[in-house]
>>> print(open('protein_35.pdb').read())   # PDB, N, CA and C atoms
ATOM      1  N   MET A  69      12.855  63.725-106.453
ATOM      2  CA  MET A  69      13.332  62.424-106.057
ATOM      3  C   MET A  69      12.159  61.439-106.178
ATOM      4  N   PRO A  70      12.345  60.329-106.875
ATOM      5  CA  PRO A  70      11.248  59.376-107.064
ATOM      6  C   PRO A  70      11.002  58.556-105.775
ATOM      7  N   GLU A  71       9.764  58.164-105.594
ATOM      8  CA  GLU A  71       9.436  57.344-104.430
ATOM      9  C   GLU A  71       9.927  55.916-104.643
ATOM     10  N   LEU A  72      10.457  55.303-103.591
ATOM     11  CA  LEU A  72      10.994  53.954-103.683
ATOM     12  C   LEU A  72      10.051  52.911-103.083
ATOM     13  N   THR A  73       8.884  53.332-102.648
ATOM     14  CA  THR A  73       7.958  52.373-102.057
ATOM     15  C   THR A  73       7.197  51.647-103.158
ATOM     16  N   ALA A  74       7.024  50.362-102.961
ATOM     17  CA  ALA A  74       6.286  49.558-103.935
ATOM     18  C   ALA A  74       4.793  49.778-103.724
ATOM     19  N   PRO A  75       4.043  49.720-104.774
ATOM     20  CA  PRO A  75       2.594  49.871-104.617
ATOM     21  C   PRO A  75       2.023  48.682-103.843
ATOM     22  N   LYS A  76       1.088  48.976-102.976
ATOM     23  CA  LYS A  76       0.497  47.921-102.161
ATOM     24  C   LYS A  76      -0.525  47.160-102.996
ATOM     25  N   GLU A  77      -0.358  45.841-103.010
ATOM     26  CA  GLU A  77      -1.270  45.006-103.764
ATOM     27  C   GLU A  77      -2.234  44.322-102.797
ATOM     28  N   LYS A  78      -3.462  44.211-103.207
ATOM     29  CA  LYS A  78      -4.461  43.540-102.385
ATOM     30  C   LYS A  78      -4.380  42.048-102.648
ATOM     31  N   VAL A  79      -4.304  41.255-101.568
ATOM     32  CA  VAL A  79      -4.201  39.815-101.682
ATOM     33  C   VAL A  79      -5.510  39.197-101.197
ATOM     34  N   ASP A  80      -6.120  38.403-102.035
ATOM     35  CA  ASP A  80      -7.345  37.709-101.646
ATOM     36  C   ASP A  80      -6.992  36.334-101.086
ATOM     37  N   PHE A  81      -7.640  35.990-100.000
ATOM     38  CA  PHE A  81      -7.401  34.713 -99.337
ATOM     39  C   PHE A  81      -8.751  34.035 -99.162
ATOM     40  N   SER A  82      -8.902  32.864 -99.757
ATOM     41  CA  SER A  82     -10.184  32.169 -99.630
ATOM     42  C   SER A  82      -9.954  30.671 -99.496
ATOM     43  N   LEU A  83     -10.818  30.030 -98.739
ATOM     44  CA  LEU A  83     -10.759  28.591 -98.535
ATOM     45  C   LEU A  83     -12.110  27.994 -98.916
ATOM     46  N   ASP A  84     -12.074  26.845 -99.550
ATOM     47  CA  ASP A  84     -13.341  26.180 -99.832
ATOM     48  C   ASP A  84     -13.730  25.309 -98.640
ATOM     49  N   ASN A  85     -14.897  24.685 -98.695
ATOM     50  CA  ASN A  85     -15.425  23.925 -97.561
ATOM     51  C   ASN A  85     -14.505  22.782 -97.160
ATOM     52  N   ARG A  86     -13.932  22.113 -98.111
ATOM     53  CA  ARG A  86     -13.049  20.981 -97.818
ATOM     54  C   ARG A  86     -11.811  21.441 -97.048
ATOM     55  N   GLN A  87     -11.224  22.551 -97.459
ATOM     56  CA  GLN A  87     -10.042  23.065 -96.780
ATOM     57  C   GLN A  87     -10.375  23.521 -95.369
ATOM     58  N   VAL A  88     -11.537  24.136 -95.188
ATOM     59  CA  VAL A  88     -11.959  24.566 -93.849
ATOM     60  C   VAL A  88     -12.146  23.350 -92.952
ATOM     61  N   PHE A  89     -12.760  22.279 -93.482
ATOM     62  CA  PHE A  89     -12.961  21.056 -92.694
ATOM     63  C   PHE A  89     -11.625  20.474 -92.260
ATOM     64  N   PHE A  90     -10.675  20.322 -93.188
ATOM     65  CA  PHE A  90      -9.392  19.726 -92.828
ATOM     66  C   PHE A  90      -8.590  20.624 -91.901
ATOM     67  N   LEU A  91      -8.718  21.922 -92.033
ATOM     68  CA  LEU A  91      -8.049  22.838 -91.115
ATOM     69  C   LEU A  91      -8.623  22.681 -89.707
ATOM     70  N   PHE A  92      -9.939  22.637 -89.597
ATOM     71  CA  PHE A  92     -10.585  22.452 -88.301
ATOM     72  C   PHE A  92     -10.227  21.098 -87.703
ATOM     73  N   PHE A  93     -10.284  20.042 -88.513
ATOM     74  CA  PHE A  93      -9.975  18.699 -88.031
ATOM     75  C   PHE A  93      -8.515  18.612 -87.576
ATOM     76  N   GLY A  94      -7.604  19.165 -88.360
ATOM     77  CA  GLY A  94      -6.185  19.142 -88.000
ATOM     78  C   GLY A  94      -5.911  19.899 -86.710
ATOM     79  N   LEU A  95      -6.532  21.067 -86.558
ATOM     80  CA  LEU A  95      -6.339  21.829 -85.322
ATOM     81  C   LEU A  95      -6.956  21.105 -84.130
ATOM     82  N   SER A  96      -8.049  20.398 -84.345
ATOM     83  CA  SER A  96      -8.652  19.616 -83.262
ATOM     84  C   SER A  96      -7.729  18.484 -82.821
ATOM     85  N   VAL A  97      -7.111  17.810 -83.766
ATOM     86  CA  VAL A  97      -6.190  16.720 -83.440
ATOM     87  C   VAL A  97      -4.981  17.266 -82.676
ATOM     88  N   VAL A  98      -4.440  18.380 -83.126
ATOM     89  CA  VAL A  98      -3.303  18.989 -82.431
ATOM     90  C   VAL A  98      -3.706  19.397 -81.014
ATOM     91  N   GLY A  99      -4.905  19.956 -80.862
ATOM     92  CA  GLY A  99      -5.389  20.337 -79.537
ATOM     93  C   GLY A  99      -5.526  19.145 -78.611
ATOM     94  N   CYS A 100      -6.010  18.020 -79.144
ATOM     95  CA  CYS A 100      -6.131  16.802 -78.334
ATOM     96  C   CYS A 100      -4.766  16.302 -77.882
ATOM     97  N   PHE A 101      -3.777  16.350 -78.769
ATOM     98  CA  PHE A 101      -2.434  15.919 -78.388
ATOM     99  C   PHE A 101      -1.839  16.829 -77.324
ATOM    100  N   VAL A 102      -2.063  18.116 -77.438
ATOM    101  CA  VAL A 102      -1.548  19.052 -76.440
ATOM    102  C   VAL A 102      -2.222  18.803 -75.092
ATOM    103  N   PHE A 103      -3.529  18.558 -75.109
ATOM    104  CA  PHE A 103      -4.244  18.260 -73.870
ATOM    105  C   PHE A 103      -3.720  16.983 -73.234
ATOM    106  N   ALA A 104      -3.552  15.930 -74.032
ATOM    107  CA  ALA A 104      -3.058  14.657 -73.508
ATOM    108  C   ALA A 104      -1.644  14.814 -72.948
ATOM    109  N   LEU A 105      -0.816  15.581 -73.616
ATOM    110  CA  LEU A 105       0.537  15.820 -73.118
ATOM    111  C   LEU A 105       0.501  16.554 -71.787
ATOM    112  N   GLY A 106      -0.390  17.521 -71.648
ATOM    113  CA  GLY A 106      -0.532  18.242 -70.385
ATOM    114  C   GLY A 106      -0.985  17.334 -69.263
ATOM    115  N   VAL A 107      -1.906  16.411 -69.560
ATOM    116  CA  VAL A 107      -2.369  15.462 -68.542
ATOM    117  C   VAL A 107      -1.223  14.555 -68.110
ATOM    118  N   MET A 108      -0.447  14.065 -69.070
ATOM    119  CA  MET A 108       0.668  13.174 -68.723
ATOM    120  C   MET A 108       1.719  13.900 -67.895
ATOM    121  N   VAL A 109       2.036  15.123 -68.256
ATOM    122  CA  VAL A 109       3.029  15.889 -67.494
ATOM    123  C   VAL A 109       2.489  16.188 -66.099
ATOM    124  N   GLY A 110       1.210  16.509 -65.983
ATOM    125  CA  GLY A 110       0.616  16.778 -64.672
ATOM    126  C   GLY A 110       0.634  15.563 -63.773
ATOM    127  N   ARG A 111       0.352  14.394 -64.334
ATOM    128  CA  ARG A 111       0.386  13.170 -63.523
ATOM    129  C   ARG A 111       1.798  12.848 -63.067
ATOM    130  N   ARG A 112       2.767  13.053 -63.964
ATOM    131  CA  ARG A 112       4.158  12.773 -63.590
ATOM    132  C   ARG A 112       4.604  13.747 -62.501
ATOM    133  N   ASN A 113       4.203  15.001 -62.618
ATOM    134  CA  ASN A 113       4.570  15.996 -61.613
ATOM    135  C   ASN A 113       3.918  15.660 -60.273
ATOM    136  N   GLU A 114       2.663  15.218 -60.319
ATOM    137  CA  GLU A 114       1.956  14.845 -59.097
ATOM    138  C   GLU A 114       2.620  13.649 -58.428
ATOM    139  N   ALA A 115       3.041  12.667 -59.212
ATOM    140  CA  ALA A 115       3.722  11.493 -58.664
ATOM    141  C   ALA A 115       5.072  11.890 -58.072
ATOM    142  N   GLY A 116       5.761  12.805 -58.705
ATOM    143  CA  GLY A 116       7.046  13.271 -58.185
ATOM    144  C   GLY A 116       6.892  13.986 -56.861
ATOM    145  N   GLN A 117       5.835  14.766 -56.725
ATOM    146  CA  GLN A 117       5.594  15.454 -55.460
ATOM    147  C   GLN A 117       5.239  14.465 -54.369
ATOM    148  N   ALA A 118       4.472  13.425 -54.705
ATOM    149  CA  ALA A 118       4.106  12.410 -53.711
ATOM    150  C   ALA A 118       5.356  11.674 -53.238
ATOM    151  N   ASN A 119       6.264  11.351 -54.156
ATOM    152  CA  ASN A 119       7.514  10.687 -53.769
ATOM    153  C   ASN A 119       8.371  11.590 -52.893
ATOM    154  N   ALA A 120       8.405  12.874 -53.210
ATOM    155  CA  ALA A 120       9.191  13.805 -52.410
ATOM    156  C   ALA A 120       8.620  13.921 -50.999
ATOM    157  N   GLN A 121       7.294  13.917 -50.874
ATOM    158  CA  GLN A 121       6.680  13.981 -49.548
ATOM    159  C   GLN A 121       6.968  12.711 -48.756
ATOM    160  N   LEU A 122       6.943  11.566 -49.422
ATOM    161  CA  LEU A 122       7.225  10.294 -48.757
ATOM    162  C   LEU A 122       8.661  10.262 -48.249
ATOM    163  N   VAL A 123       9.598  10.723 -49.050
ATOM    164  CA  VAL A 123      11.009  10.762 -48.635
ATOM    165  C   VAL A 123      11.187  11.727 -47.479
ATOM    166  N   ALA A 124      10.500  12.868 -47.519
ATOM    167  CA  ALA A 124      10.614  13.836 -46.432
ATOM    168  C   ALA A 124      10.047  13.274 -45.137
ATOM    169  N   GLN A 125       8.969  12.514 -45.220
ATOM    170  CA  GLN A 125       8.400  11.909 -44.022
ATOM    171  C   GLN A 125       9.324  10.840 -43.453
ATOM    172  N   ASN A 126       9.979  10.074 -44.313
ATOM    173  CA  ASN A 126      10.907   9.036 -43.856
ATOM    174  C   ASN A 126      12.147   9.656 -43.218
ATOM    175  N   GLU A 127      12.604  10.780 -43.731
ATOM    176  CA  GLU A 127      13.785  11.438 -43.163
ATOM    177  C   GLU A 127      13.467  12.093 -41.824
ATOM    178  N   ALA A 128      12.231  12.499 -41.641
ATOM    179  CA  ALA A 128      11.848  13.169 -40.405
ATOM    180  C   ALA A 128      11.784  12.187 -39.225
ATOM    181  N   ARG A 129      11.674  10.920 -39.495
ATOM    182  CA  ARG A 129      11.581   9.906 -38.415
ATOM    183  C   ARG A 129      12.885   9.624 -37.804
TER     184      ARG A 129
END
>>> encode(input="protein_35.pdb", output="structure tokens")
Amino acid sequence: MPELTAPKEKVDFSLDNRQVFFLFFGLSVVGCFVFALGVMVGRRNEAGQANAQLVAQNEAR
């Protein structure tokens, strides 16, 4: 019975300096956006908790 597996081919992967720079720069920009989004969500969550505490204090009176 003949084997049905394909022969494994070696794939070379290489980047030149320009591609490495743009990859690093692009990932840095994406990281900055993710960080900024996290800060905005954290501030909104903090403000929501402060409002909830204020409402709870007003209801307790």
>>> atom_distance(input="protein_35.pdb", atom1="atom N of Gln121 of chain A", atom2="atom C of Met108 of chain A")
17.9 Å
>>> atom_distance(input="protein_35.pdb", atom1="atom CA of Arg111 of chain A", atom2="atom CA of Ser96 of chain A")
22.6 Å
>>> atom_distance(input="protein_35.pdb", atom1="atom CA of Phe81 of chain A", atom2="atom N of Cys100 of chain A")
26.2 Å
>>> select_by_dssp(input="protein_35.pdb", residues="chain A", states="alpha helix (DSSP H)", output="ChimeraX atom specification")
/A:85-128
>>> decode(input="protein_35.pdb", residues="segment 69-109 of chain A", atoms="N, CA and C atoms", output="CSV table (one decimal), in the first residue's frame")
chain,number,residue,atom,x,y,z
A,69,MET,N,0.9,-1.2,0.0
A,69,MET,CA,0.0,0.0,0.0
A,69,MET,C,0.9,1.2,0.0
A,70,PRO,N,0.7,2.2,-0.9
A,70,PRO,CA,1.6,3.3,-1.0
A,70,PRO,C,1.2,4.4,0.1
A,71,GLU,N,2.2,5.1,0.5
A,71,GLU,CA,2.0,6.1,1.6
A,71,GLU,C,1.3,7.3,1.0
A,72,LEU,N,0.4,7.9,1.7
A,72,LEU,CA,-0.4,9.0,1.2
A,72,LEU,C,0.0,10.3,1.8
A,73,THR,N,1.1,10.3,2.6
A,73,THR,CA,1.6,11.5,3.2
A,73,THR,C,2.4,12.3,2.3
A,74,ALA,N,2.3,13.6,2.2
A,74,ALA,CA,3.0,14.4,1.4
A,74,ALA,C,4.4,14.7,2.0
A,75,PRO,N,5.4,14.8,1.2
A,75,PRO,CA,6.7,15.0,1.7
A,75,PRO,C,6.8,16.4,2.4
A,76,LYS,N,7.5,16.5,3.5
A,76,LYS,CA,7.5,17.8,4.2
A,76,LYS,C,8.6,18.7,3.6
A,77,GLU,N,8.1,19.9,3.2
A,77,GLU,CA,9.0,20.8,2.6
A,77,GLU,C,9.5,21.9,3.6
A,78,LYS,N,10.7,22.2,3.5
A,78,LYS,CA,11.2,23.3,4.5
A,78,LYS,C,10.9,24.6,3.9
A,79,VAL,N,10.3,25.5,4.8
A,79,VAL,CA,9.9,26.8,4.3
A,79,VAL,C,10.9,27.8,5.0
A,80,ASP,N,11.5,28.7,4.2
A,80,ASP,CA,12.4,29.7,4.8
A,80,ASP,C,11.6,31.0,5.0
A,81,PHE,N,11.8,31.6,6.1
A,81,PHE,CA,11.1,32.9,6.4
A,81,PHE,C,12.1,33.9,6.8
A,82,SER,N,12.2,35.0,6.0
A,82,SER,CA,13.2,36.0,6.4
A,82,SER,C,12.6,37.4,6.1
A,83,LEU,N,13.0,38.3,7.0
A,83,LEU,CA,12.6,39.7,6.9
A,83,LEU,C,13.8,40.6,6.7
A,84,ASP,N,13.7,41.6,5.9
A,84,ASP,CA,14.8,42.5,5.8
A,84,ASP,C,14.7,43.6,6.9
A,85,ASN,N,15.6,44.5,7.0
A,85,ASN,CA,15.6,45.5,8.1
A,85,ASN,C,14.4,46.4,8.0
A,86,ARG,N,14.0,46.8,6.8
A,86,ARG,CA,12.8,47.7,6.7
A,86,ARG,C,11.5,47.0,7.2
A,87,GLN,N,11.4,45.7,6.8
A,87,GLN,CA,10.2,45.0,7.3
A,87,GLN,C,10.2,44.8,8.8
A,88,VAL,N,11.3,44.6,9.4
A,88,VAL,CA,11.4,44.4,10.8
A,88,VAL,C,11.0,45.8,11.5
A,89,PHE,N,11.5,46.9,10.9
A,89,PHE,CA,11.2,48.2,11.5
A,89,PHE,C,9.7,48.4,11.5
A,90,PHE,N,9.1,48.2,10.3
A,90,PHE,CA,7.7,48.5,10.2
A,90,PHE,C,6.8,47.5,11.0
A,91,LEU,N,7.3,46.3,11.2
A,91,LEU,CA,6.6,45.4,12.1
A,91,LEU,C,6.7,45.8,13.5
A,92,PHE,N,7.8,46.3,14.0
A,92,PHE,CA,8.0,46.8,15.3
A,92,PHE,C,7.2,48.0,15.5
A,93,PHE,N,7.3,49.0,14.6
A,93,PHE,CA,6.5,50.2,14.7
A,93,PHE,C,5.0,50.0,14.7
A,94,GLY,N,4.5,49.1,13.9
A,94,GLY,CA,3.1,48.8,13.8
A,94,GLY,C,2.6,48.1,15.1
A,95,LEU,N,3.4,47.2,15.6
A,95,LEU,CA,3.0,46.6,16.9
A,95,LEU,C,3.1,47.6,18.1
A,96,SER,N,4.0,48.5,18.0
A,96,SER,CA,4.1,49.6,19.0
A,96,SER,C,2.8,50.5,19.0
A,97,VAL,N,2.4,50.8,17.8
A,97,VAL,CA,1.2,51.7,17.7
A,97,VAL,C,0.0,50.9,18.2
A,98,VAL,N,-0.1,49.6,17.8
A,98,VAL,CA,-1.3,48.8,18.3
A,98,VAL,C,-1.2,48.7,19.8
A,99,GLY,N,0.0,48.5,20.4
A,99,GLY,CA,0.1,48.5,21.9
A,99,GLY,C,-0.3,49.7,22.5
A,100,CYS,N,0.0,50.9,21.9
A,100,CYS,CA,-0.4,52.2,22.5
A,100,CYS,C,-1.9,52.3,22.5
A,101,PHE,N,-2.5,51.9,21.4
A,101,PHE,CA,-4.0,52.0,21.3
A,101,PHE,C,-4.6,51.1,22.3
A,102,VAL,N,-4.1,49.9,22.5
A,102,VAL,CA,-4.7,49.0,23.5
A,102,VAL,C,-4.5,49.6,24.9
A,103,PHE,N,-3.4,50.2,25.2
A,103,PHE,CA,-3.1,50.8,26.5
A,103,PHE,C,-4.1,52.0,26.7
A,104,ALA,N,-4.2,52.8,25.7
A,104,ALA,CA,-5.1,54.0,25.9
A,104,ALA,C,-6.6,53.5,26.1
A,105,LEU,N,-7.0,52.5,25.4
A,105,LEU,CA,-8.3,52.0,25.5
A,105,LEU,C,-8.5,51.4,26.9
A,106,GLY,N,-7.5,50.8,27.5
A,106,GLY,CA,-7.6,50.3,28.8
A,106,GLY,C,-7.7,51.4,29.9
A,107,VAL,N,-7.0,52.5,29.6
A,107,VAL,CA,-7.1,53.6,30.5
A,107,VAL,C,-8.5,54.2,30.5
A,108,MET,N,-9.0,54.4,29.3
A,108,MET,CA,-10.4,55.0,29.1
A,108,MET,C,-11.4,54.1,29.8
A,109,VAL,N,-11.3,52.8,29.6
A,109,VAL,CA,-12.3,51.9,30.2
A,109,VAL,C,-12.2,51.9,31.7
